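Here is the file upload37.csv (CSV, N, CA and C atoms).
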```csv
chain,number,residue,atom,x,y,z
R,1,MET,N,-0.8,-11.3,12.9
R,1,MET,CA,-1.1,-10.0,12.3
R,1,MET,C,0.1,-9.4,11.5
R,2,ASP,N,-0.2,-9.0,10.3
R,2,ASP,CA,0.8,-8.4,9.4
R,2,ASP,C,1.1,-7.0,9.8
R,3,VAL,N,2.4,-6.6,9.8
R,3,VAL,CA,2.8,-5.3,10.2
R,3,VAL,C,3.7,-4.7,9.1
R,4,ILE,N,3.4,-3.5,8.7
R,4,ILE,CA,4.4,-2.9,7.8
R,4,ILE,C,5.1,-1.8,8.6
R,5,PHE,N,6.3,-1.4,8.1
R,5,PHE,CA,7.1,-0.4,8.9
R,5,PHE,C,7.7,0.6,8.1
R,6,LEU,N,7.9,1.7,8.7
R,6,LEU,CA,8.7,2.8,8.1
R,6,LEU,C,9.9,3.1,9.1
R,7,LYS,N,11.1,2.9,8.7
R,7,LYS,CA,12.2,3.1,9.5
R,7,LYS,C,13.1,4.3,9.1
R,8,GLU,N,13.5,5.0,10.1
R,8,GLU,CA,14.4,6.2,9.9
R,8,GLU,C,13.8,7.2,8.9
R,9,PHE,N,12.6,7.4,9.1
R,9,PHE,CA,11.9,8.5,8.3
R,9,PHE,C,12.2,9.8,8.9
R,10,ARG,N,13.1,10.6,8.3
R,10,ARG,CA,13.5,11.9,8.8
R,10,ARG,C,12.8,13.0,8.1
R,11,ILE,N,12.4,13.9,8.9
R,11,ILE,CA,11.6,15.1,8.4
R,11,ILE,C,11.9,16.3,9.3
R,12,LYS,N,11.9,17.5,8.6
R,12,LYS,CA,12.1,18.7,9.4
R,12,LYS,C,10.7,19.2,9.8
R,13,THR,N,10.6,19.7,11.0
R,13,THR,CA,9.3,20.2,11.5
R,13,THR,C,9.6,21.2,12.7
R,14,LEU,N,8.6,22.0,13.0
R,14,LEU,CA,8.7,22.8,14.1
R,14,LEU,C,8.2,22.0,15.3
R,15,ILE,N,9.1,21.9,16.3
R,15,ILE,CA,8.8,21.1,17.5
R,15,ILE,C,9.6,21.6,18.7
R,16,GLY,N,8.9,21.9,19.7
R,16,GLY,CA,9.5,22.3,21.0
R,16,GLY,C,8.8,23.5,21.7
R,17,ILE,N,9.3,23.7,22.9
R,17,ILE,CA,8.7,24.7,23.8
R,17,ILE,C,9.4,26.0,23.8
R,18,TYR,N,10.7,26.0,23.4
R,18,TYR,CA,11.5,27.2,23.4
R,18,TYR,C,11.2,28.2,22.2
R,19,PRO,N,11.3,29.5,22.4
R,19,PRO,CA,11.0,30.4,21.3
R,19,PRO,C,11.7,30.1,20.0
R,20,TRP,N,13.0,29.7,20.1
R,20,TRP,CA,13.8,29.4,18.9
R,20,TRP,C,13.2,28.2,18.2
R,21,GLU,N,12.6,27.2,18.9
R,21,GLU,CA,12.1,26.0,18.4
R,21,GLU,C,10.8,26.3,17.6
R,22,ARG,N,10.2,27.4,17.8
R,22,ARG,CA,8.9,27.8,17.1
R,22,ARG,C,9.3,28.5,15.8
R,23,LYS,N,10.6,28.7,15.6
R,23,LYS,CA,11.0,29.4,14.3
R,23,LYS,C,11.9,28.6,13.4
R,24,ILE,N,12.7,27.7,14.1
R,24,ILE,CA,13.7,27.0,13.3
R,24,ILE,C,13.3,25.5,13.3
R,25,PRO,N,13.0,25.0,12.1
R,25,PRO,CA,12.6,23.6,12.0
R,25,PRO,C,13.8,22.7,12.4
R,26,GLN,N,13.4,21.6,13.1
R,26,GLN,CA,14.4,20.6,13.5
R,26,GLN,C,14.1,19.3,12.8
R,27,THR,N,15.2,18.5,12.6
R,27,THR,CA,15.0,17.2,12.0
R,27,THR,C,14.6,16.2,13.1
R,28,ILE,N,13.5,15.5,12.9
R,28,ILE,CA,13.2,14.4,13.8
R,28,ILE,C,13.2,13.1,13.0
R,29,GLU,N,13.4,12.0,13.7
R,29,GLU,CA,13.4,10.7,13.1
R,29,GLU,C,12.2,9.9,13.6
R,30,LEU,N,11.4,9.4,12.7
R,30,LEU,CA,10.2,8.6,13.0
R,30,LEU,C,10.5,7.1,12.6
R,31,ASN,N,10.0,6.2,13.5
R,31,ASN,CA,10.0,4.8,13.2
R,31,ASN,C,8.6,4.4,13.5
R,32,ILE,N,7.9,3.8,12.5
R,32,ILE,CA,6.5,3.5,12.7
R,32,ILE,C,6.2,2.0,12.3
R,33,GLU,N,5.4,1.3,13.1
R,33,GLU,CA,4.9,0.0,12.8
R,33,GLU,C,3.4,0.1,12.7
R,34,ILE,N,2.9,-0.4,11.5
R,34,ILE,CA,1.4,-0.3,11.3
R,34,ILE,C,0.9,-1.7,11.1
R,35,ALA,N,0.0,-2.1,12.0
R,35,ALA,CA,-0.7,-3.3,11.8
R,35,ALA,C,-1.7,-3.2,10.7
R,36,LEU,N,-1.7,-4.2,9.9
R,36,LEU,CA,-2.7,-4.2,8.7
R,36,LEU,C,-4.0,-4.7,9.1
R,37,PRO,N,-5.1,-4.1,8.6
R,37,PRO,CA,-6.4,-4.5,9.0
R,37,PRO,C,-6.8,-5.9,8.4
R,38,SER,N,-6.1,-6.4,7.4
R,38,SER,CA,-6.3,-7.7,6.8
R,38,SER,C,-5.1,-8.2,6.1
R,39,GLN,N,-5.1,-9.5,5.7
R,39,GLN,CA,-4.0,-10.1,5.0
R,39,GLN,C,-4.3,-10.2,3.5
R,40,GLN,N,-5.3,-9.4,3.1
R,40,GLN,CA,-5.8,-9.5,1.7
R,40,GLN,C,-4.7,-9.2,0.7
R,41,ALA,N,-3.9,-8.2,0.9
R,41,ALA,CA,-2.9,-7.8,0.0
R,41,ALA,C,-1.9,-9.0,-0.3
R,42,SER,N,-1.5,-9.7,0.8
R,42,SER,CA,-0.6,-10.8,0.6
R,42,SER,C,-1.1,-11.9,-0.2
R,43,LYS,N,-2.4,-12.0,-0.3
R,43,LYS,CA,-3.1,-13.0,-1.1
R,43,LYS,C,-3.4,-12.6,-2.5
R,44,SER,N,-3.8,-11.3,-2.7
R,44,SER,CA,-4.3,-10.9,-4.0
R,44,SER,C,-3.1,-10.3,-4.8
R,45,ASP,N,-2.1,-9.7,-4.2
R,45,ASP,CA,-1.0,-9.0,-4.9
R,45,ASP,C,-1.5,-7.8,-5.6
R,46,ARG,N,-2.5,-7.2,-5.1
R,46,ARG,CA,-3.1,-6.0,-5.7
R,46,ARG,C,-2.9,-4.8,-4.7
R,47,ILE,N,-2.5,-3.6,-5.3
R,47,ILE,CA,-2.3,-2.4,-4.5
R,47,ILE,C,-3.6,-1.9,-3.9
R,48,GLU,N,-4.7,-2.2,-4.5
R,48,GLU,CA,-6.0,-1.8,-4.0
R,48,GLU,C,-6.3,-2.5,-2.6
R,49,ASP,N,-5.7,-3.6,-2.4
R,49,ASP,CA,-5.9,-4.3,-1.1
R,49,ASP,C,-4.8,-4.0,-0.1
R,50,ALA,N,-3.8,-3.2,-0.5
R,50,ALA,CA,-2.7,-2.9,0.4
R,50,ALA,C,-2.8,-1.5,1.0
R,51,LEU,N,-2.0,-1.3,2.0
R,51,LEU,CA,-1.8,0.1,2.6
R,51,LEU,C,-0.7,0.7,1.8
R,52,ASP,N,-1.0,1.8,1.1
R,52,ASP,CA,0.0,2.5,0.3
R,52,ASP,C,0.9,3.3,1.1
R,53,TYR,N,2.2,2.9,1.2
R,53,TYR,CA,3.2,3.5,2.1
R,53,TYR,C,3.4,5.0,1.7
R,54,SER,N,3.3,5.3,0.4
R,54,SER,CA,3.5,6.7,0.0
R,54,SER,C,2.4,7.6,0.5
R,55,GLN,N,1.2,7.1,0.6
R,55,GLN,CA,0.1,7.9,1.1
R,55,GLN,C,0.3,8.2,2.6
R,56,VAL,N,0.8,7.2,3.4
R,56,VAL,CA,1.1,7.4,4.8
R,56,VAL,C,2.2,8.4,5.0
R,57,VAL,N,3.3,8.3,4.2
R,57,VAL,CA,4.4,9.3,4.3
R,57,VAL,C,3.9,10.7,3.9
R,58,HIS,N,3.1,10.8,2.9
R,58,HIS,CA,2.6,12.1,2.4
R,58,HIS,C,1.7,12.7,3.5
R,59,LYS,N,0.8,11.9,4.1
R,59,LYS,CA,-0.1,12.5,5.1
R,59,LYS,C,0.6,12.9,6.3
R,60,ILE,N,1.6,12.2,6.8
R,60,ILE,CA,2.4,12.6,7.9
R,60,ILE,C,3.2,13.8,7.6
R,61,SER,N,3.8,13.9,6.4
R,61,SER,CA,4.6,15.0,6.0
R,61,SER,C,3.7,16.3,6.0
R,62,THR,N,2.5,16.2,5.4
R,62,THR,CA,1.6,17.3,5.3
R,62,THR,C,1.3,17.8,6.7
R,63,THR,N,0.9,16.9,7.6
R,63,THR,CA,0.6,17.2,9.0
R,63,THR,C,1.7,17.9,9.7
R,64,LEU,N,2.9,17.4,9.6
R,64,LEU,CA,4.1,18.0,10.3
R,64,LEU,C,4.5,19.4,9.7
R,65,HIS,N,4.2,19.6,8.4
R,65,HIS,CA,4.5,20.9,7.8
R,65,HIS,C,3.4,22.0,8.2
R,66,GLN,N,2.2,21.5,8.5
R,66,GLN,CA,1.1,22.4,8.8
R,66,GLN,C,1.0,22.8,10.3
R,67,GLN,N,1.5,21.9,11.2
R,67,GLN,CA,1.3,22.1,12.6
R,67,GLN,C,2.6,22.3,13.3
R,68,HIS,N,2.6,23.0,14.4
R,68,HIS,CA,3.7,23.1,15.4
R,68,HIS,C,3.2,22.3,16.6
R,69,PHE,N,4.1,21.4,17.1
R,69,PHE,CA,3.9,20.7,18.3
R,69,PHE,C,4.9,21.1,19.3
R,70,SER,N,4.4,21.3,20.6
R,70,SER,CA,5.4,21.7,21.6
R,70,SER,C,6.1,20.4,22.1
R,71,LEU,N,5.4,19.3,22.2
R,71,LEU,CA,6.0,18.1,22.7
R,71,LEU,C,6.0,16.9,21.7
R,72,LEU,N,7.1,16.1,21.8
R,72,LEU,CA,7.1,14.9,21.0
R,72,LEU,C,6.0,14.0,21.4
R,73,GLU,N,5.5,14.0,22.6
R,73,GLU,CA,4.4,13.2,23.0
R,73,GLU,C,3.2,13.5,22.2
R,74,THR,N,2.9,14.8,22.0
R,74,THR,CA,1.7,15.2,21.3
R,74,THR,C,1.9,14.9,19.8
R,75,LEU,N,3.1,15.1,19.3
R,75,LEU,CA,3.3,14.8,17.9
R,75,LEU,C,3.1,13.3,17.6
R,76,THR,N,3.6,12.4,18.4
R,76,THR,CA,3.5,11.0,18.2
R,76,THR,C,2.0,10.5,18.4
R,77,GLU,N,1.3,11.1,19.3
R,77,GLU,CA,-0.1,10.8,19.5
R,77,GLU,C,-0.9,11.2,18.3
R,78,ASN,N,-0.6,12.4,17.7
R,78,ASN,CA,-1.3,12.8,16.5
R,78,ASN,C,-1.0,11.9,15.3
R,79,ILE,N,0.2,11.4,15.2
R,79,ILE,CA,0.5,10.5,14.1
R,79,ILE,C,-0.2,9.2,14.3
R,80,ALA,N,-0.2,8.7,15.5
R,80,ALA,CA,-0.8,7.4,15.8
R,80,ALA,C,-2.3,7.5,15.5
R,81,GLN,N,-3.0,8.5,15.9
R,81,GLN,CA,-4.4,8.7,15.7
R,81,GLN,C,-4.7,8.8,14.2
R,82,LEU,N,-3.9,9.5,13.5
R,82,LEU,CA,-4.0,9.7,12.0
R,82,LEU,C,-4.0,8.3,11.4
R,83,ILE,N,-3.0,7.5,11.7
R,83,ILE,CA,-2.9,6.1,11.1
R,83,ILE,C,-4.1,5.2,11.5
R,84,LEU,N,-4.5,5.3,12.7
R,84,LEU,CA,-5.6,4.5,13.2
R,84,LEU,C,-6.9,4.8,12.5
R,85,THR,N,-7.2,6.1,12.3
R,85,THR,CA,-8.4,6.6,11.8
R,85,THR,C,-8.4,6.7,10.3
R,86,GLU,N,-7.4,7.2,9.7
R,86,GLU,CA,-7.4,7.4,8.2
R,86,GLU,C,-7.0,6.2,7.4
R,87,PHE,N,-6.2,5.3,8.0
R,87,PHE,CA,-5.7,4.2,7.3
R,87,PHE,C,-6.3,2.9,7.8
R,88,GLY,N,-7.2,2.9,8.8
R,88,GLY,CA,-7.9,1.8,9.3
R,88,GLY,C,-7.0,0.7,10.0
R,89,SER,N,-5.9,1.1,10.5
R,89,SER,CA,-5.0,0.2,11.2
R,89,SER,C,-5.6,-0.2,12.5
R,90,PRO,N,-5.6,-1.5,12.9
R,90,PRO,CA,-6.1,-1.8,14.3
R,90,PRO,C,-5.1,-1.5,15.4
R,91,ARG,N,-3.8,-1.3,15.0
R,91,ARG,CA,-2.8,-1.0,16.0
R,91,ARG,C,-1.6,-0.3,15.4
R,92,VAL,N,-1.0,0.6,16.1
R,92,VAL,CA,0.2,1.3,15.5
R,92,VAL,C,1.2,1.6,16.7
R,93,LYS,N,2.4,1.6,16.3
R,93,LYS,CA,3.5,1.9,17.2
R,93,LYS,C,4.3,3.0,16.6
R,94,VAL,N,4.5,4.1,17.3
R,94,VAL,CA,5.2,5.3,16.7
R,94,VAL,C,6.3,5.7,17.6
R,95,SER,N,7.5,5.8,17.1
R,95,SER,CA,8.7,6.4,17.8
R,95,SER,C,9.1,7.7,17.1
R,96,ALA,N,9.3,8.7,18.0
R,96,ALA,CA,9.8,10.0,17.4
R,96,ALA,C,11.0,10.4,18.2
R,97,ALA,N,12.0,10.9,17.6
R,97,ALA,CA,13.2,11.3,18.3
R,97,ALA,C,13.8,12.6,17.7
R,98,LYS,N,14.2,13.5,18.6
R,98,LYS,CA,15.0,14.6,18.1
R,98,LYS,C,16.4,14.2,18.0
R,99,LEU,N,17.2,14.7,17.1
R,99,LEU,CA,18.6,14.3,16.9
R,99,LEU,C,19.6,15.3,17.3
R,100,ASN,N,20.5,14.9,18.1
R,100,ASN,CA,21.7,15.7,18.5
R,100,ASN,C,21.3,17.1,19.1
R,101,VAL,N,20.3,17.1,20.0
R,101,VAL,CA,19.9,18.4,20.6
R,101,VAL,C,20.5,18.6,22.0
R,102,ILE,N,21.0,17.5,22.6
R,102,ILE,CA,21.7,17.7,23.8
R,102,ILE,C,23.1,17.1,23.6
R,103,PRO,N,24.1,17.8,24.0
R,103,PRO,CA,25.5,17.3,23.8
R,103,PRO,C,25.7,15.9,24.4
R,104,GLY,N,26.2,15.0,23.6
R,104,GLY,CA,26.5,13.7,24.0
R,104,GLY,C,25.3,12.7,23.9
R,105,VAL,N,24.2,13.2,23.4
R,105,VAL,CA,23.0,12.4,23.2
R,105,VAL,C,22.6,12.4,21.8
R,106,LYS,N,22.7,11.2,21.1
R,106,LYS,CA,22.5,11.1,19.7
R,106,LYS,C,21.0,11.3,19.4
R,107,GLN,N,20.1,10.7,20.2
R,107,GLN,CA,18.7,10.8,20.0
R,107,GLN,C,18.0,10.9,21.3
R,108,LEU,N,16.9,11.6,21.4
R,108,LEU,CA,16.0,11.6,22.6
R,108,LEU,C,14.6,11.6,22.0
R,109,GLY,N,13.7,10.8,22.7
R,109,GLY,CA,12.4,10.8,22.1
R,109,GLY,C,11.5,9.9,22.9
R,110,ILE,N,10.4,9.5,22.3
R,110,ILE,CA,9.3,8.7,22.9
R,110,ILE,C,8.9,7.6,21.9
R,111,CYS,N,8.3,6.6,22.5
R,111,CYS,CA,7.7,5.5,21.7
R,111,CYS,C,6.3,5.2,22.3
R,112,ILE,N,5.3,5.3,21.5
R,112,ILE,CA,4.0,4.9,22.0
R,112,ILE,C,3.3,3.8,21.1
R,113,GLU,N,2.4,3.1,21.7
R,113,GLU,CA,1.6,2.1,21.0
R,113,GLU,C,0.2,2.4,21.3
R,114,ARG,N,-0.6,2.4,20.2
R,114,ARG,CA,-2.1,2.7,20.4
R,114,ARG,C,-2.8,1.6,19.5
R,115,SER,N,-4.1,1.4,20.0
R,115,SER,CA,-5.0,0.5,19.3
R,115,SER,C,-6.3,1.2,19.1
R,116,ARG,N,-7.0,0.7,18.1
R,116,ARG,CA,-8.3,1.3,17.8
R,116,ARG,C,-9.3,0.7,18.8
R,117,GLN,N,-10.2,1.5,19.3
R,117,GLN,CA,-11.2,1.0,20.3
R,117,GLN,C,-12.2,0.1,19.7
```

Rewrite the structure of this file - the entire thing - as structure tokens.
Amino acid sequence: MDVIFLKEFRIKTLIGIYPWERKIPQTIELNIEIALPSQQASKSDRIEDALDYSQVVHKISTTLHQQHFSLLETLTENIAQLILTEFGSPRVKVSAAKLNVIPGVKQLGICIERSRQ
């Protein structure tokens, strides 16, 4: 199975349970692996047969600018379901991390893997 990836995708979003986190955007880092529904693009060399990375980034960015999530768990689940449903991926792995929010901890986060039923 072919997998494309987005590494160190950093974006500001409202994330967290504390009152200040509902007002001040924080930078999170996403790492995403997206299984492709077919190998057609590698054979045809046509963008029409490929998953357009820029569309994935745009859709995630739009979602994170429009919604507030209390938990990273919910944020990653939403991203995973978006990729499975809107981009037809059979499997996706999403890692999300907050950066430097606890002294001495560079990143804290979660990694999930989901498949289409």

Within 6 Å of stretch 16-29 of chain R using only N, CA and C atoms, minus same-chain residues under 6 positions, as a ChimeraX atom specification: /R:8-10,69-71,95-99

Excluding stretch 54-61 of chain R and any residue of its chain fewer than 4 positions from it, enumerate the residues within 7 Å of it, using all atoms listed in the file, and give them as a count of residues only. 3

Can you tell me, as a PyMOL selection string, what residues are no more than 7 Å from R:Ile4 when counting only N, CA and C atoms, ignoring any on the same chain fewer than 2 positions away? chain R and resi 2+6+32-36

How would the residues just chosen look if you wrote them out with N, CA and C atoms as a PDB file, keeping the file's coordinate frame?
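Saved file selection-v5.pdb follows:
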```
ATOM      1  N   ASP R   2      -0.200  -9.000  10.300  1.00  0.00           N
ATOM      2  CA  ASP R   2       0.800  -8.400   9.400  1.00  0.00           C
ATOM      3  C   ASP R   2       1.100  -7.000   9.800  1.00  0.00           C
ATOM      4  N   LEU R   6       7.900   1.700   8.700  1.00  0.00           N
ATOM      5  CA  LEU R   6       8.700   2.800   8.100  1.00  0.00           C
ATOM      6  C   LEU R   6       9.900   3.100   9.100  1.00  0.00           C
ATOM      7  N   ILE R  32       7.900   3.800  12.500  1.00  0.00           N
ATOM      8  CA  ILE R  32       6.500   3.500  12.700  1.00  0.00           C
ATOM      9  C   ILE R  32       6.200   2.000  12.300  1.00  0.00           C
ATOM     10  N   GLU R  33       5.400   1.300  13.100  1.00  0.00           N
ATOM     11  CA  GLU R  33       4.900   0.000  12.800  1.00  0.00           C
ATOM     12  C   GLU R  33       3.400   0.100  12.700  1.00  0.00           C
ATOM     13  N   ILE R  34       2.900  -0.400  11.500  1.00  0.00           N
ATOM     14  CA  ILE R  34       1.400  -0.300  11.300  1.00  0.00           C
ATOM     15  C   ILE R  34       0.900  -1.700  11.100  1.00  0.00           C
ATOM     16  N   ALA R  35       0.000  -2.100  12.000  1.00  0.00           N
ATOM     17  CA  ALA R  35      -0.700  -3.300  11.800  1.00  0.00           C
ATOM     18  C   ALA R  35      -1.700  -3.200  10.700  1.00  0.00           C
ATOM     19  N   LEU R  36      -1.700  -4.200   9.900  1.00  0.00           N
ATOM     20  CA  LEU R  36      -2.700  -4.200   8.700  1.00  0.00           C
ATOM     21  C   LEU R  36      -4.000  -4.700   9.100  1.00  0.00           C
TER      22      LEU R  36
END
```

Alpha helix (DSSP H) per DSSP on the backbone: members of chain R, as a PyMOL selection string: chain R and resi 40-44+53-66+72-86

Using only C-alpha atoms, determine which residues lie at most 6 Å from stretch 37-40 of chain R, disregarding the query and same-chain residues fewer than 6 positions distant; provide the list as a list of chain:residue names.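 Listing them by chain and then by number gives R:Asp49, R:Ser89, R:Pro90.
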
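If you measure from each of R:Lys106, R:Lys12, R:Arg116, R:Lys7 to R:Leu30 using all atoms listed in the file, the closest one turns out to be R:Lys7.
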
Residues within 6.5 Å of (1.2, 2.9, 18.0), file coords, all atoms listed in the file, listed as a ChimeraX atom specification: /R:33,80,91-94,112-115

Pull N, CA and C atoms from the residues just selected and write them as a PDB file, keeping the file's coordinate frame.
```pdb
ATOM      1  N   GLU R  33       5.400   1.300  13.100  1.00  0.00           N
ATOM      2  CA  GLU R  33       4.900   0.000  12.800  1.00  0.00           C
ATOM      3  C   GLU R  33       3.400   0.100  12.700  1.00  0.00           C
ATOM      4  N   ALA R  80      -0.200   8.700  15.500  1.00  0.00           N
ATOM      5  CA  ALA R  80      -0.800   7.400  15.800  1.00  0.00           C
ATOM      6  C   ALA R  80      -2.300   7.500  15.500  1.00  0.00           C
ATOM      7  N   ARG R  91      -3.800  -1.300  15.000  1.00  0.00           N
ATOM      8  CA  ARG R  91      -2.800  -1.000  16.000  1.00  0.00           C
ATOM      9  C   ARG R  91      -1.600  -0.300  15.400  1.00  0.00           C
ATOM     10  N   VAL R  92      -1.000   0.600  16.100  1.00  0.00           N
ATOM     11  CA  VAL R  92       0.200   1.300  15.500  1.00  0.00           C
ATOM     12  C   VAL R  92       1.200   1.600  16.700  1.00  0.00           C
ATOM     13  N   LYS R  93       2.400   1.600  16.300  1.00  0.00           N
ATOM     14  CA  LYS R  93       3.500   1.900  17.200  1.00  0.00           C
ATOM     15  C   LYS R  93       4.300   3.000  16.600  1.00  0.00           C
ATOM     16  N   VAL R  94       4.500   4.100  17.300  1.00  0.00           N
ATOM     17  CA  VAL R  94       5.200   5.300  16.700  1.00  0.00           C
ATOM     18  C   VAL R  94       6.300   5.700  17.600  1.00  0.00           C
ATOM     19  N   ILE R 112       5.300   5.300  21.500  1.00  0.00           N
ATOM     20  CA  ILE R 112       4.000   4.900  22.000  1.00  0.00           C
ATOM     21  C   ILE R 112       3.300   3.800  21.100  1.00  0.00           C
ATOM     22  N   GLU R 113       2.400   3.100  21.700  1.00  0.00           N
ATOM     23  CA  GLU R 113       1.600   2.100  21.000  1.00  0.00           C
ATOM     24  C   GLU R 113       0.200   2.400  21.300  1.00  0.00           C
ATOM     25  N   ARG R 114      -0.600   2.400  20.200  1.00  0.00           N
ATOM     26  CA  ARG R 114      -2.100   2.700  20.400  1.00  0.00           C
ATOM     27  C   ARG R 114      -2.800   1.600  19.500  1.00  0.00           C
ATOM     28  N   SER R 115      -4.100   1.400  20.000  1.00  0.00           N
ATOM     29  CA  SER R 115      -5.000   0.500  19.300  1.00  0.00           C
ATOM     30  C   SER R 115      -6.300   1.200  19.100  1.00  0.00           C
TER      31      SER R 115
END
```

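Reported to one decimal place, the separation of atom CA of R:Met1 from atom N of R:Leu64 is 27.8 Å.
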
Which one is closest to R:Leu14: R:Ser42, R:Gln67, R:Asp52, R:Thr62? Count all atoms listed in the file. R:Gln67

Reconstruct all heavy atoms of stretch 102-109 of chain R from the incomplete input and present them as a compact mmCIF listing (two decimals), in the frame of the given file.
```txt
# COMPACT_ATOMS: atom_id res chain seq x y z
N ILE R 102 21.00 17.50 22.60
CA ILE R 102 21.70 17.70 23.80
C ILE R 102 23.10 17.10 23.60
O ILE R 102 23.22 15.97 23.09
CB ILE R 102 20.97 16.90 24.97
CG1 ILE R 102 19.59 17.52 25.22
CG2 ILE R 102 21.80 16.88 26.24
CD1 ILE R 102 18.76 16.79 26.25
N PRO R 103 24.10 17.80 24.00
CA PRO R 103 25.50 17.30 23.80
C PRO R 103 25.70 15.90 24.40
O PRO R 103 25.26 15.68 25.54
CB PRO R 103 26.36 18.35 24.50
CG PRO R 103 25.56 19.61 24.46
CD PRO R 103 24.13 19.16 24.60
N GLY R 104 26.20 15.00 23.60
CA GLY R 104 26.50 13.70 24.00
C GLY R 104 25.30 12.70 23.90
O GLY R 104 25.42 11.53 24.16
N VAL R 105 24.20 13.20 23.40
CA VAL R 105 23.00 12.40 23.20
C VAL R 105 22.60 12.40 21.80
O VAL R 105 22.27 13.44 21.21
CB VAL R 105 21.77 12.89 24.08
CG1 VAL R 105 20.54 12.02 23.82
CG2 VAL R 105 22.10 12.93 25.56
N LYS R 106 22.70 11.20 21.10
CA LYS R 106 22.50 11.10 19.70
C LYS R 106 21.00 11.30 19.40
O LYS R 106 20.61 11.99 18.43
CB LYS R 106 22.94 9.77 19.17
CG LYS R 106 22.86 9.62 17.67
CD LYS R 106 23.46 8.30 17.22
CE LYS R 106 23.41 8.19 15.72
NZ LYS R 106 24.04 6.95 15.26
N GLN R 107 20.10 10.70 20.20
CA GLN R 107 18.70 10.80 20.00
C GLN R 107 18.00 10.90 21.30
O GLN R 107 18.41 10.22 22.28
CB GLN R 107 18.10 9.57 19.26
CG GLN R 107 18.57 9.35 17.87
CD GLN R 107 17.89 8.13 17.24
OE1 GLN R 107 17.28 7.31 17.92
NE2 GLN R 107 18.02 8.00 15.94
N LEU R 108 16.90 11.60 21.40
CA LEU R 108 16.00 11.60 22.60
C LEU R 108 14.60 11.60 22.00
O LEU R 108 14.29 12.26 21.05
CB LEU R 108 16.29 12.77 23.51
CG LEU R 108 16.16 14.19 22.98
CD1 LEU R 108 14.74 14.69 23.16
CD2 LEU R 108 17.13 15.08 23.70
N GLY R 109 13.70 10.80 22.70
CA GLY R 109 12.40 10.80 22.10
C GLY R 109 11.50 9.90 22.90
O GLY R 109 11.66 9.67 24.12
```
